[in-house]
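S.K.: Structure supplied as my_file14.cif; contents: mmCIF, C-alpha atoms.
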data_input
loop_
_atom_site.label_atom_id
_atom_site.label_comp_id
_atom_site.auth_asym_id
_atom_site.auth_seq_id
_atom_site.Cartn_x
_atom_site.Cartn_y
_atom_site.Cartn_z
CA MET A 293 0.00 0.00 0.00
CA SER A 294 1.32 3.43 -0.91
CA ASP A 295 1.93 5.97 1.86
CA THR A 296 1.47 8.84 -0.59
CA ILE A 297 -1.33 11.20 0.41
CA GLU A 298 -3.27 12.71 -2.45
CA ARG A 299 -3.09 16.49 -2.51
CA TRP A 300 -6.40 18.30 -2.63
CA ILE A 301 -7.11 22.00 -3.04
CA ASP A 302 -9.14 22.59 0.11
CA LEU A 303 -11.18 25.80 0.17
CA ARG A 304 -13.63 24.85 2.92
CA SER A 305 -11.87 26.75 5.69
CA ASP A 306 -8.51 27.98 6.94
CA THR A 307 -8.77 25.37 9.71
CA VAL A 308 -7.54 22.71 7.28
CA THR A 309 -3.94 23.93 7.14
CA GLN A 310 -1.19 21.36 7.66
CA PRO A 311 1.85 22.00 9.89
CA SER A 312 4.94 22.68 7.82
CA ALA A 313 8.16 20.67 8.07
CA ALA A 314 9.78 23.46 10.07
CA MET A 315 6.81 23.60 12.43
CA ARG A 316 6.89 19.83 12.91
CA ALA A 317 10.61 19.97 13.69
CA THR A 318 9.91 22.61 16.34
CA MET A 319 7.27 20.36 17.87
CA VAL A 320 9.63 17.39 18.03
CA ALA A 321 12.32 19.43 19.76
CA ALA A 322 10.01 21.15 22.29
CA PRO A 323 10.87 20.75 25.98
CA VAL A 324 7.74 19.79 27.91
CA GLY A 325 6.39 19.61 31.44
CA ASP A 326 2.91 19.32 32.95
CA ASP A 327 0.86 22.37 32.06
CA VAL A 328 -1.80 21.75 34.73
CA TYR A 329 0.99 22.22 37.25
CA GLY A 330 2.13 25.23 35.25
CA ASP A 331 5.60 23.85 34.56
CA ASP A 332 5.56 23.18 30.82
CA PRO A 333 8.25 25.61 29.63
CA THR A 334 7.07 25.69 26.03
CA VAL A 335 3.48 26.50 27.01
CA ASN A 336 4.70 29.22 29.38
CA ARG A 337 6.90 30.67 26.66
CA LEU A 338 3.97 30.78 24.22
CA GLN A 339 1.67 32.42 26.76
CA ASP A 340 4.23 35.08 27.65
CA TYR A 341 5.09 35.73 24.00
CA ALA A 342 1.45 36.06 22.93
CA ALA A 343 0.63 38.37 25.86
CA GLU A 344 3.53 40.66 24.99
CA LEU A 345 2.71 40.61 21.28
CA PHE A 346 -0.89 41.67 21.83
CA GLY A 347 -0.22 44.00 24.76
CA PHE A 348 -1.77 42.08 27.66
CA GLU A 349 -0.53 41.06 31.09
CA ALA A 350 -1.02 37.33 30.76
CA GLY A 351 -2.15 34.52 28.50
CA MET A 352 -3.62 31.03 28.74
CA PHE A 353 -3.28 28.27 26.15
CA ALA A 354 -6.33 26.08 25.49
CA PRO A 355 -7.33 23.46 22.92
CA SER A 356 -9.71 25.62 20.87
CA GLY A 357 -11.11 29.07 20.24
CA THR A 358 -14.54 27.82 21.24
CA GLN A 359 -13.10 27.00 24.65
CA THR A 360 -11.15 30.25 25.10
CA ASN A 361 -14.27 32.23 24.16
CA LEU A 362 -16.40 30.23 26.60
CA ILE A 363 -13.83 30.64 29.37
CA ALA A 364 -13.84 34.38 28.76
CA LEU A 365 -17.65 34.57 28.87
CA MET A 366 -17.83 32.48 32.04
CA THR A 367 -15.16 34.56 33.74
CA HIS A 368 -16.70 37.89 32.75
CA CYS A 369 -20.30 36.84 33.52
CA GLY A 370 -21.98 35.00 36.35
CA ARG A 371 -25.04 32.79 36.38
CA GLY A 372 -28.02 34.79 35.13
CA ASP A 373 -25.89 37.53 33.58
CA GLU A 374 -26.12 38.60 29.97
CA TYR A 375 -23.72 39.44 27.17
CA LEU A 376 -24.40 41.52 24.06
CA VAL A 377 -23.36 39.86 20.82
CA GLY A 378 -23.99 40.03 17.08
CA GLN A 379 -26.42 37.55 15.56
CA GLU A 380 -23.72 36.46 13.10
CA ALA A 381 -21.04 36.09 15.77
CA HIS A 382 -19.32 32.77 16.28
CA THR A 383 -19.83 32.83 20.07
CA TYR A 384 -23.58 33.11 19.54
CA LYS A 385 -24.26 31.13 16.39
CA TYR A 386 -21.56 28.51 15.98
CA GLU A 387 -20.41 27.42 19.44
CA GLY A 388 -23.25 25.12 20.41
CA GLY A 389 -24.94 27.54 22.79
CA GLY A 390 -22.16 26.89 25.30
CA ALA A 391 -22.57 30.20 27.12
CA ALA A 392 -26.20 29.38 27.92
CA VAL A 393 -25.84 25.63 28.39
CA LEU A 394 -22.63 25.53 30.41
CA GLY A 395 -22.35 29.07 31.75
CA SER A 396 -26.01 29.90 32.45
CA ILE A 397 -25.28 33.16 30.61
CA GLN A 398 -28.02 34.75 28.54
CA PRO A 399 -26.91 35.95 25.11
CA GLN A 400 -28.60 39.11 23.84
CA PRO A 401 -28.19 38.79 20.06
CA ILE A 402 -28.25 42.02 18.06
CA ALA A 403 -28.45 42.37 14.28
CA ASN A 404 -25.11 42.86 12.56
CA GLN A 405 -24.79 45.68 10.07
CA PRO A 406 -23.71 44.85 6.49
CA ASP A 407 -20.09 45.64 7.42
CA GLY A 408 -20.22 43.18 10.32
CA SER A 409 -20.44 45.78 13.07
CA ILE A 410 -23.21 46.22 15.63
CA ALA A 411 -24.70 49.71 15.52
CA LEU A 412 -23.67 51.75 18.56
CA ALA A 413 -27.28 52.83 19.09
CA ASP A 414 -28.32 49.18 19.21
CA ILE A 415 -25.62 48.34 21.73
CA GLU A 416 -26.81 51.13 24.00
CA ALA A 417 -30.48 50.25 23.53
CA TYR A 418 -29.99 46.60 24.53
CA ILE A 419 -28.18 47.31 27.80
CA LYS A 420 -30.70 46.35 30.48
CA PRO A 421 -31.63 48.69 33.34
CA ASP A 422 -30.80 47.67 36.90
CA ASP A 423 -34.10 45.91 37.53
CA MET A 424 -34.83 42.47 38.96
CA HIS A 425 -36.94 41.63 35.91
CA PHE A 426 -33.92 41.67 33.61
CA ALA A 427 -30.72 39.74 33.28
CA ARG A 428 -27.72 41.87 34.26
CA THR A 429 -25.88 43.08 31.17
CA ARG A 430 -22.18 42.53 31.89
CA LEU A 431 -20.28 42.22 28.63
CA LEU A 432 -20.02 43.32 25.00
CA ALA A 433 -18.51 40.62 22.79
CA LEU A 434 -17.37 41.50 19.27
CA GLU A 435 -15.62 39.52 16.55
CA ASN A 436 -12.88 40.61 14.14
CA THR A 437 -12.73 39.58 11.38
CA ILE A 438 -16.37 38.56 11.09
CA GLY A 439 -17.23 36.56 7.99
CA GLY A 440 -13.99 37.87 6.52
CA ARG A 441 -14.98 41.50 7.08
CA VAL A 442 -12.65 43.82 8.98
CA LEU A 443 -14.10 46.07 11.68
CA SER A 444 -12.42 49.47 11.55
CA GLN A 445 -10.23 50.83 14.33
CA GLU A 446 -12.55 53.82 14.65
CA TYR A 447 -15.60 51.61 15.16
CA LEU A 448 -13.88 49.35 17.71
CA ALA A 449 -12.66 52.36 19.69
CA ALA A 450 -16.17 53.83 19.78
CA ALA A 451 -17.84 50.51 20.67
CA THR A 452 -15.45 49.62 23.48
CA ARG A 453 -15.55 53.17 24.85
CA LEU A 454 -19.36 53.05 24.92
CA ALA A 455 -19.31 49.68 26.67
CA HIS A 456 -16.89 50.86 29.32
CA GLU A 457 -18.84 54.06 29.90
CA LYS A 458 -21.91 51.91 30.54
CA GLY A 459 -20.05 49.67 32.98
CA LEU A 460 -19.62 46.69 30.66
CA ALA A 461 -16.50 44.63 30.10
CA THR A 462 -15.36 43.94 26.53
CA HIS A 463 -14.23 40.70 24.89
CA LEU A 464 -12.97 40.17 21.35
CA ASP A 465 -13.32 36.89 19.52
CA GLY A 466 -10.11 37.38 17.58
CA ALA A 467 -10.11 34.04 15.81
CA ARG A 468 -8.81 35.89 12.75
CA ILE A 469 -7.55 39.08 14.38
CA CYS A 470 -4.17 38.61 12.73
CA ASN A 471 -5.90 38.81 9.33
CA ALA A 472 -7.51 42.08 10.42
CA ALA A 473 -4.19 43.51 11.59
CA VAL A 474 -2.35 42.52 8.41
CA LYS A 475 -5.14 43.92 6.22
CA GLN A 476 -5.00 47.27 8.03
CA GLY A 477 -1.23 47.36 8.30
CA ILE A 478 -1.29 47.80 12.07
CA SER A 479 0.34 45.99 14.98
CA LEU A 480 -1.43 43.17 16.76
CA ALA A 481 -1.49 45.25 19.94
CA ASP A 482 -3.20 48.12 18.11
CA ALA A 483 -5.71 45.70 16.57
CA VAL A 484 -7.04 44.71 20.02
CA LYS A 485 -6.96 48.10 21.76
CA GLY A 486 -9.98 48.77 23.94
CA PHE A 487 -10.71 45.15 24.76
CA ASP A 488 -10.34 43.73 28.25
CA THR A 489 -9.79 40.23 26.89
CA VAL A 490 -9.18 38.63 23.52
CA SER A 491 -9.20 35.08 22.18
CA VAL A 492 -6.69 34.41 19.41
CA CYS A 493 -6.94 31.23 17.31
CA LEU A 494 -3.65 29.75 16.13
CA SER A 495 -4.99 26.83 14.10
CA LYS A 496 -6.63 28.76 11.28
CA GLY A 497 -4.63 30.84 8.82
CA LEU A 498 -1.58 30.82 11.07
CA GLY A 499 -1.22 27.11 10.42
CA ALA A 500 -0.78 25.51 13.85
CA PRO A 501 -2.49 22.12 14.16
CA VAL A 502 -4.43 22.99 17.33
CA GLY A 503 -4.87 25.64 19.99
CA SER A 504 -5.91 29.17 20.94
CA VAL A 505 -4.74 31.66 23.54
CA LEU A 506 -6.90 33.77 25.84
CA LEU A 507 -5.26 37.06 26.77
CA GLY A 508 -6.14 39.53 29.51
CA PRO A 509 -5.24 40.79 32.98
CA LYS A 510 -3.27 38.33 35.11
CA SER A 511 -6.04 38.03 37.71
CA PHE A 512 -8.59 37.30 34.98
CA ILE A 513 -6.41 34.60 33.43
CA GLU A 514 -5.91 32.95 36.83
CA GLN A 515 -9.70 32.79 37.25
CA GLY A 516 -10.01 31.46 33.72
CA LYS A 517 -7.72 28.54 34.51
CA ARG A 518 -10.34 27.16 36.90
CA TRP A 519 -12.97 27.19 34.13
CA ARG A 520 -10.47 25.67 31.69
CA LYS A 521 -9.98 22.77 34.10
CA MET A 522 -13.73 22.26 34.50
CA LEU A 523 -14.22 22.31 30.74
CA GLY A 524 -11.61 19.62 30.18
CA GLY A 525 -8.98 21.95 28.77
CA GLY A 526 -6.27 21.24 31.33
CA MET A 527 -3.57 19.58 29.23
CA ARG A 528 -0.40 17.85 30.38
CA GLN A 529 2.67 17.79 28.07
CA ALA A 530 1.04 20.44 25.91
CA GLY A 531 4.38 21.95 24.91
CA VAL A 532 4.36 19.73 21.83
CA ILE A 533 1.43 21.65 20.38
CA ALA A 534 2.33 24.97 22.03
CA ALA A 535 5.60 24.87 20.10
CA ALA A 536 3.65 24.81 16.85
CA ALA A 537 1.45 27.67 18.04
CA HIS A 538 4.51 29.73 18.97
CA TYR A 539 6.08 29.02 15.57
CA ALA A 540 2.85 30.16 13.91
CA LEU A 541 2.87 33.49 15.72
CA GLU A 542 6.56 34.05 15.03
CA HIS A 543 6.66 33.11 11.37
CA ASN A 544 3.22 33.05 9.76
CA VAL A 545 1.45 36.31 10.58
CA ALA A 546 2.97 38.24 7.67
CA LEU A 547 2.14 35.37 5.30
CA LEU A 548 -1.57 36.13 5.74
CA ALA A 549 -1.15 38.88 3.14
CA ASN A 550 -0.59 36.13 0.56
CA ASP A 551 -3.91 34.56 1.53
CA HIS A 552 -5.65 37.90 1.06
CA ASP A 553 -4.07 38.32 -2.37
CA ASN A 554 -5.07 34.80 -3.39
CA ALA A 555 -8.65 35.34 -2.22
CA ALA A 556 -8.83 38.55 -4.27
CA GLU A 557 -7.50 36.80 -7.37
CA LEU A 558 -9.84 33.84 -6.90
CA ALA A 559 -12.82 36.17 -6.54
CA ARG A 560 -11.81 38.14 -9.63
CA GLY A 561 -11.51 34.96 -11.67
CA LEU A 562 -14.83 33.52 -10.54
CA ALA A 563 -16.56 36.86 -11.11
CA GLN A 564 -15.92 36.39 -14.83
CA ILE A 565 -18.36 33.46 -14.82
CA GLU A 566 -21.79 34.92 -15.59
CA GLN A 567 -23.75 32.36 -13.56
CA LEU A 568 -22.00 33.37 -10.32
CA LYS A 569 -22.50 36.44 -8.17
CA VAL A 570 -19.21 36.87 -6.32
CA GLY A 571 -18.51 39.07 -3.31
CA THR A 572 -15.35 41.11 -2.94
CA PRO A 573 -13.06 39.74 -0.21
CA GLN A 574 -11.48 42.02 2.36
CA THR A 575 -9.27 39.27 3.74
CA ASN A 576 -9.16 35.52 3.02
CA ILE A 577 -12.88 34.77 3.01
CA PHE A 578 -15.60 35.60 0.53
CA TRP A 579 -19.07 34.42 -0.42
CA MET A 580 -20.76 33.86 -3.73
CA ASP A 581 -24.22 32.97 -4.97
CA VAL A 582 -24.48 29.75 -6.99
CA PRO A 583 -27.59 28.65 -8.93
CA ALA A 584 -29.32 26.04 -6.80
CA ALA A 585 -29.71 23.66 -9.72
CA ALA A 586 -25.97 23.71 -10.32
CA CYS A 587 -24.92 22.82 -6.77
CA ALA A 588 -25.08 19.01 -6.92
CA PRO A 589 -23.26 18.60 -10.26
CA LEU A 590 -20.77 21.32 -9.28
CA ARG A 591 -19.95 19.42 -6.11
CA GLN A 592 -19.25 16.30 -8.14
CA ALA A 593 -17.11 18.19 -10.66
CA LEU A 594 -15.01 19.73 -7.90
CA GLU A 595 -14.51 16.35 -6.26
CA ARG A 596 -13.32 14.87 -9.56
CA ALA A 597 -10.83 17.71 -9.82
CA GLN A 598 -9.71 17.12 -6.21
CA ILE A 599 -11.06 20.43 -4.98
CA ARG A 600 -12.82 20.51 -1.62
CA ALA A 601 -15.44 23.21 -1.07
CA THR A 602 -18.71 23.54 0.80
CA VAL A 603 -21.02 23.90 -2.17
CA GLY A 604 -24.40 25.56 -1.76
CA PRO A 605 -26.52 28.41 -3.09
CA LYS A 606 -24.65 30.72 -0.67
CA MET A 607 -21.11 29.42 -0.92
CA ARG A 608 -18.10 30.39 1.20
CA LEU A 609 -14.56 30.06 -0.11
CA VAL A 610 -11.50 30.45 2.10
CA THR A 611 -7.84 30.76 1.15
CA HIS A 612 -5.02 29.88 3.52
CA LEU A 613 -1.39 28.92 3.98
CA ASP A 614 -1.68 25.76 1.88
CA ILE A 615 -3.38 27.41 -1.12
CA SER A 616 -0.93 28.58 -3.79
CA ASN A 617 -1.43 30.96 -6.67
CA ASP A 618 -1.38 27.93 -8.99
CA ASP A 619 -4.20 26.41 -6.92
CA VAL A 620 -6.21 29.58 -7.43
CA LYS A 621 -5.73 29.43 -11.20
CA ARG A 622 -6.61 25.74 -11.28
CA THR A 623 -9.79 26.36 -9.29
CA VAL A 624 -10.92 29.14 -11.61
CA GLU A 625 -10.30 26.85 -14.61
CA VAL A 626 -12.41 24.05 -13.11
CA PHE A 627 -15.30 26.40 -12.25
CA ALA A 628 -15.17 28.02 -15.70
CA ALA A 629 -15.16 24.68 -17.50
CA PHE A 630 -18.04 23.39 -15.40
CA PHE A 631 -20.27 26.39 -15.98
CA ALA A 632 -19.48 26.56 -19.69
CA ASP A 633 -20.71 22.96 -19.98
CA TRP A 634 -23.64 23.47 -17.61
CA HIS A 635 -24.78 26.56 -19.53
CA ALA A 636 -24.63 24.67 -22.83
CA ARG A 637 -27.02 21.96 -21.65
#
Can the structure in the file be given as structure tokens, please?
M.R.:
Amino acid sequence: MSDTIERWIDLRSDTVTQPSAAMRATMVAAPVGDDVYGDDPTVNRLQDYAAELFGFEAGMFAPSGTQTNLIALMTHCGRGDEYLVGQEAHTYKYEGGGAAVLGSIQPQPIANQPDGSIALADIEAYIKPDDMHFARTRLLALENTIGGRVLSQEYLAAATRLAHEKGLATHLDGARICNAAVKQGISLADAVKGFDTVSVCLSKGLGAPVGSVLLGPKSFIEQGKRWRKMLGGGMRQAGVIAAAAHYALEHNVALLANDHDNAAELARGLAQIEQLKVGTPQTNIFWMDVPAAACAPLRQALERAQIRATVGPKMRLVTHLDISNDDVKRTVEVFAAFFADWHAR
């Protein structure tokens, strides 16, 4: 049996990235300890490095961004408290209702604007008065990027200032905050200004195989460690994966610009196909409308061409570290050939 793994062009998500040879070598060489005891040197090094990079006092490594977000929500909010969040936000829509189920925290979803923001007037309007009939509003949670869209520095400053003036804490789901920083040409610390805490995912475009960091004040992170333990996130010789995460932060942030360029080129190429309505990417993610009748045969055509994508009438495409410019050109060719044949039928 051959050990050769077939190479696919995978556009489903930037979570599918594979660790590079250099990253794997770093993992093999990593000194390890027991992170629950706090003595894994590679985990500690990652946490300190990430905290300094983003301008926070302390950091905590956890298995996933879903967990770091949940830890943040459960540390900011108590049982019966409420957090304000966009209806499109990952913490509200795509994390299994964990805040409500495990944290007894009520989400107050608010409509996102077309640019991904939540209108400041809506934020203010949904803050509950101090009345026993209402859940206590404790936190504003935003996400950047959100669906590939970058929230501006001006908006984030205004939103976090409003929250703080109203007595709320602020949390940023920064699963792709590095994409936002690279797109805007600003430092990672500037990209998260105004937030009390931030969750940073390292296993998406940055290319680590697993892991996220939660960043914030030292006292907050110490409280968060208790929730991490309860949620099953207390890992032992975690330095093996922390080494990959550290490598990702050190070496792969600037490479996100390539992903943005590839997404723009892919969108431009697909936009030439008359049957598709293609959005303009700001970063590495964009959406396009596909005729419903074409979805099933398109899915089959992509599979034959060894292209993975989540095909549907509203279709998301994502570029990442493992997508080359040649992959982009190949993908456009396959789509163009399919729709030329489909149109002729």
S.K.: If you apply the PyMOL selection byres ((chain A and resi 378) around 9) to this file, what residues do you get, as a ChimeraX atom specification?
M.R.: /A:376-377,379-385,400-404,408-410,433-435
S.K.: Quick one, how far is atom CA of Thr572 of chain A from atom CA of Thr437 of chain A?
M.R.: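 Rounded to one decimal, the two atoms are 14.6 Å apart.
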S.K.: Rounded to one decimal place, report the atom CA of Gly571 of chain A-atom CA of Ile478 of chain A distance in Å.
M.R.: 24.7 Å
S.K.: Would you compute the distance between atom CA of Ile469 of chain A and atom CA of Leu362 of chain A? Give it in Å to one decimal.
M.R.: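 Distance between the two atoms: 17.5 Å.
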S.K.: Name the residues captured by the PyMOL selection byres ((chain A and resi 623) around 12) when it is applied to the shown file; answer as a PyMOL selection string.
M.R.: chain A and resi 300-303+554-555+557-562+593-595+597-601+609+611+615-622+624-630
S.K.: Please evaluate the PyMOL selection byres ((chain A and resi 343-356) around 7) against the structure above and give the resulting residues as JSON, numbers by chain.
M.R.: {"A": [339, 340, 341, 342, 357, 358, 359, 360, 480, 481, 502, 503, 504, 505, 506, 507, 508, 509, 510, 513, 525]}
S.K.: Could the residues in this selection be saved with C-alpha atoms as a compact mmCIF listing (two decimals), in the frame of the given file?
M.R.:
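Final file, result04.txt:
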# COMPACT_ATOMS: atom_id res chain seq x y z
CA GLN A 339 1.67 32.42 26.76
CA ASP A 340 4.23 35.08 27.65
CA TYR A 341 5.09 35.73 24.00
CA ALA A 342 1.45 36.06 22.93
CA GLY A 357 -11.11 29.07 20.24
CA THR A 358 -14.54 27.82 21.24
CA GLN A 359 -13.10 27.00 24.65
CA THR A 360 -11.15 30.25 25.10
CA LEU A 480 -1.43 43.17 16.76
CA ALA A 481 -1.49 45.25 19.94
CA VAL A 502 -4.43 22.99 17.33
CA GLY A 503 -4.87 25.64 19.99
CA SER A 504 -5.91 29.17 20.94
CA VAL A 505 -4.74 31.66 23.54
CA LEU A 506 -6.90 33.77 25.84
CA LEU A 507 -5.26 37.06 26.77
CA GLY A 508 -6.14 39.53 29.51
CA PRO A 509 -5.24 40.79 32.98
CA LYS A 510 -3.27 38.33 35.11
CA ILE A 513 -6.41 34.60 33.43
CA GLY A 525 -8.98 21.95 28.77
S.K.: Taking the point (-30.8, 43.9, 34.8) as given in the file, collect each protein or nucleic acid residue that comes within 12 Å of it, counting all atoms listed in the file, and present the set as a JSON list (two decimals) with C-alpha atoms, in the frame of the given file.
M.R.:
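Saved as result39.json:
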[["chain", "number", "residue", "atom", "x", "y", "z"],
["A", 372, "GLY", "CA", -28.02, 34.79, 35.13],
["A", 373, "ASP", "CA", -25.89, 37.53, 33.58],
["A", 374, "GLU", "CA", -26.12, 38.60, 29.97],
["A", 375, "TYR", "CA", -23.72, 39.44, 27.17],
["A", 398, "GLN", "CA", -28.02, 34.75, 28.54],
["A", 418, "TYR", "CA", -29.99, 46.60, 24.53],
["A", 419, "ILE", "CA", -28.18, 47.31, 27.80],
["A", 420, "LYS", "CA", -30.70, 46.35, 30.48],
["A", 421, "PRO", "CA", -31.63, 48.69, 33.34],
["A", 422, "ASP", "CA", -30.80, 47.67, 36.90],
["A", 423, "ASP", "CA", -34.10, 45.91, 37.53],
["A", 424, "MET", "CA", -34.83, 42.47, 38.96],
["A", 425, "HIS", "CA", -36.94, 41.63, 35.91],
["A", 426, "PHE", "CA", -33.92, 41.67, 33.61],
["A", 427, "ALA", "CA", -30.72, 39.74, 33.28],
["A", 428, "ARG", "CA", -27.72, 41.87, 34.26],
["A", 429, "THR", "CA", -25.88, 43.08, 31.17],
["A", 430, "ARG", "CA", -22.18, 42.53, 31.89]]
S.K.: Just write segment 328-345 of chain A with N, CA, C and O atoms, as an mmCIF file, in the first residue's frame, taken from the block above.
M.R.:
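Final output, saved to part.cif:
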data_model
loop_
_atom_site.group_PDB
_atom_site.id
_atom_site.type_symbol
_atom_site.label_atom_id
_atom_site.label_comp_id
_atom_site.auth_asym_id
_atom_site.auth_seq_id
_atom_site.Cartn_x
_atom_site.Cartn_y
_atom_site.Cartn_z
ATOM 1 N N VAL A 328 -0.857 21.559 33.627
ATOM 2 C CA VAL A 328 -1.800 21.747 34.726
ATOM 3 C C VAL A 328 -1.060 22.220 35.979
ATOM 4 O O VAL A 328 -1.563 23.049 36.745
ATOM 5 N N TYR A 329 0.158 21.726 36.162
ATOM 6 C CA TYR A 329 0.993 22.218 37.253
ATOM 7 C C TYR A 329 1.665 23.548 36.915
ATOM 8 O O TYR A 329 2.302 24.162 37.774
ATOM 9 N N GLY A 330 1.544 23.959 35.649
ATOM 10 C CA GLY A 330 2.132 25.230 35.245
ATOM 11 C C GLY A 330 3.603 25.168 34.942
ATOM 12 O O GLY A 330 4.274 26.219 34.880
ATOM 13 N N ASP A 331 4.148 23.948 34.736
ATOM 14 C CA ASP A 331 5.599 23.850 34.557
ATOM 15 C C ASP A 331 6.011 23.314 33.188
ATOM 16 O O ASP A 331 7.100 22.765 33.036
ATOM 17 N N ASP A 332 5.135 23.484 32.190
ATOM 18 C CA ASP A 332 5.557 23.177 30.824
ATOM 19 C C ASP A 332 6.233 24.422 30.254
ATOM 20 O O ASP A 332 5.576 25.437 30.018
ATOM 21 N N PRO A 333 7.536 24.386 30.033
ATOM 22 C CA PRO A 333 8.251 25.608 29.634
ATOM 23 C C PRO A 333 7.837 26.137 28.264
ATOM 24 O O PRO A 333 7.857 27.352 28.036
ATOM 25 N N THR A 334 7.451 25.245 27.371
ATOM 26 C CA THR A 334 7.072 25.688 26.033
ATOM 27 C C THR A 334 5.706 26.361 26.051
ATOM 28 O O THR A 334 5.488 27.360 25.360
ATOM 29 N N VAL A 335 4.775 25.845 26.844
ATOM 30 C CA VAL A 335 3.476 26.504 27.009
ATOM 31 C C VAL A 335 3.667 27.879 27.641
ATOM 32 O O VAL A 335 3.099 28.880 27.196
ATOM 33 N N ASN A 336 4.477 27.940 28.699
ATOM 34 C CA ASN A 336 4.704 29.216 29.382
ATOM 35 C C ASN A 336 5.336 30.240 28.442
ATOM 36 O O ASN A 336 4.985 31.427 28.464
ATOM 37 N N ARG A 337 6.250 29.774 27.614
ATOM 38 C CA ARG A 337 6.905 30.671 26.659
ATOM 39 C C ARG A 337 5.892 31.215 25.649
ATOM 40 O O ARG A 337 5.894 32.402 25.318
ATOM 41 N N LEU A 338 5.010 30.341 25.154
ATOM 42 C CA LEU A 338 3.973 30.776 24.222
ATOM 43 C C LEU A 338 3.067 31.810 24.870
ATOM 44 O O LEU A 338 2.758 32.855 24.277
ATOM 45 N N GLN A 339 2.599 31.528 26.076
ATOM 46 C CA GLN A 339 1.672 32.425 26.760
ATOM 47 C C GLN A 339 2.295 33.797 26.975
ATOM 48 O O GLN A 339 1.644 34.827 26.756
ATOM 49 N N ASP A 340 3.545 33.813 27.413
ATOM 50 C CA ASP A 340 4.232 35.082 27.646
ATOM 51 C C ASP A 340 4.450 35.836 26.336
ATOM 52 O O ASP A 340 4.283 37.062 26.269
ATOM 53 N N TYR A 341 4.826 35.110 25.300
ATOM 54 C CA TYR A 341 5.090 35.734 24.004
ATOM 55 C C TYR A 341 3.811 36.335 23.421
ATOM 56 O O TYR A 341 3.803 37.473 22.939
ATOM 57 N N ALA A 342 2.715 35.570 23.473
ATOM 58 C CA ALA A 342 1.452 36.062 22.930
ATOM 59 C C ALA A 342 0.956 37.277 23.710
ATOM 60 O O ALA A 342 0.466 38.253 23.114
ATOM 61 N N ALA A 343 1.065 37.231 25.043
ATOM 62 C CA ALA A 343 0.629 38.366 25.859
ATOM 63 C C ALA A 343 1.413 39.625 25.505
ATOM 64 O O ALA A 343 0.833 40.709 25.338
ATOM 65 N N GLU A 344 2.712 39.506 25.351
ATOM 66 C CA GLU A 344 3.528 40.661 24.992
ATOM 67 C C GLU A 344 3.185 41.165 23.595
ATOM 68 O O GLU A 344 3.082 42.376 23.353
ATOM 69 N N LEU A 345 2.986 40.252 22.666
ATOM 70 C CA LEU A 345 2.713 40.609 21.277
ATOM 71 C C LEU A 345 1.417 41.402 21.147
ATOM 72 O O LEU A 345 1.333 42.364 20.362
#
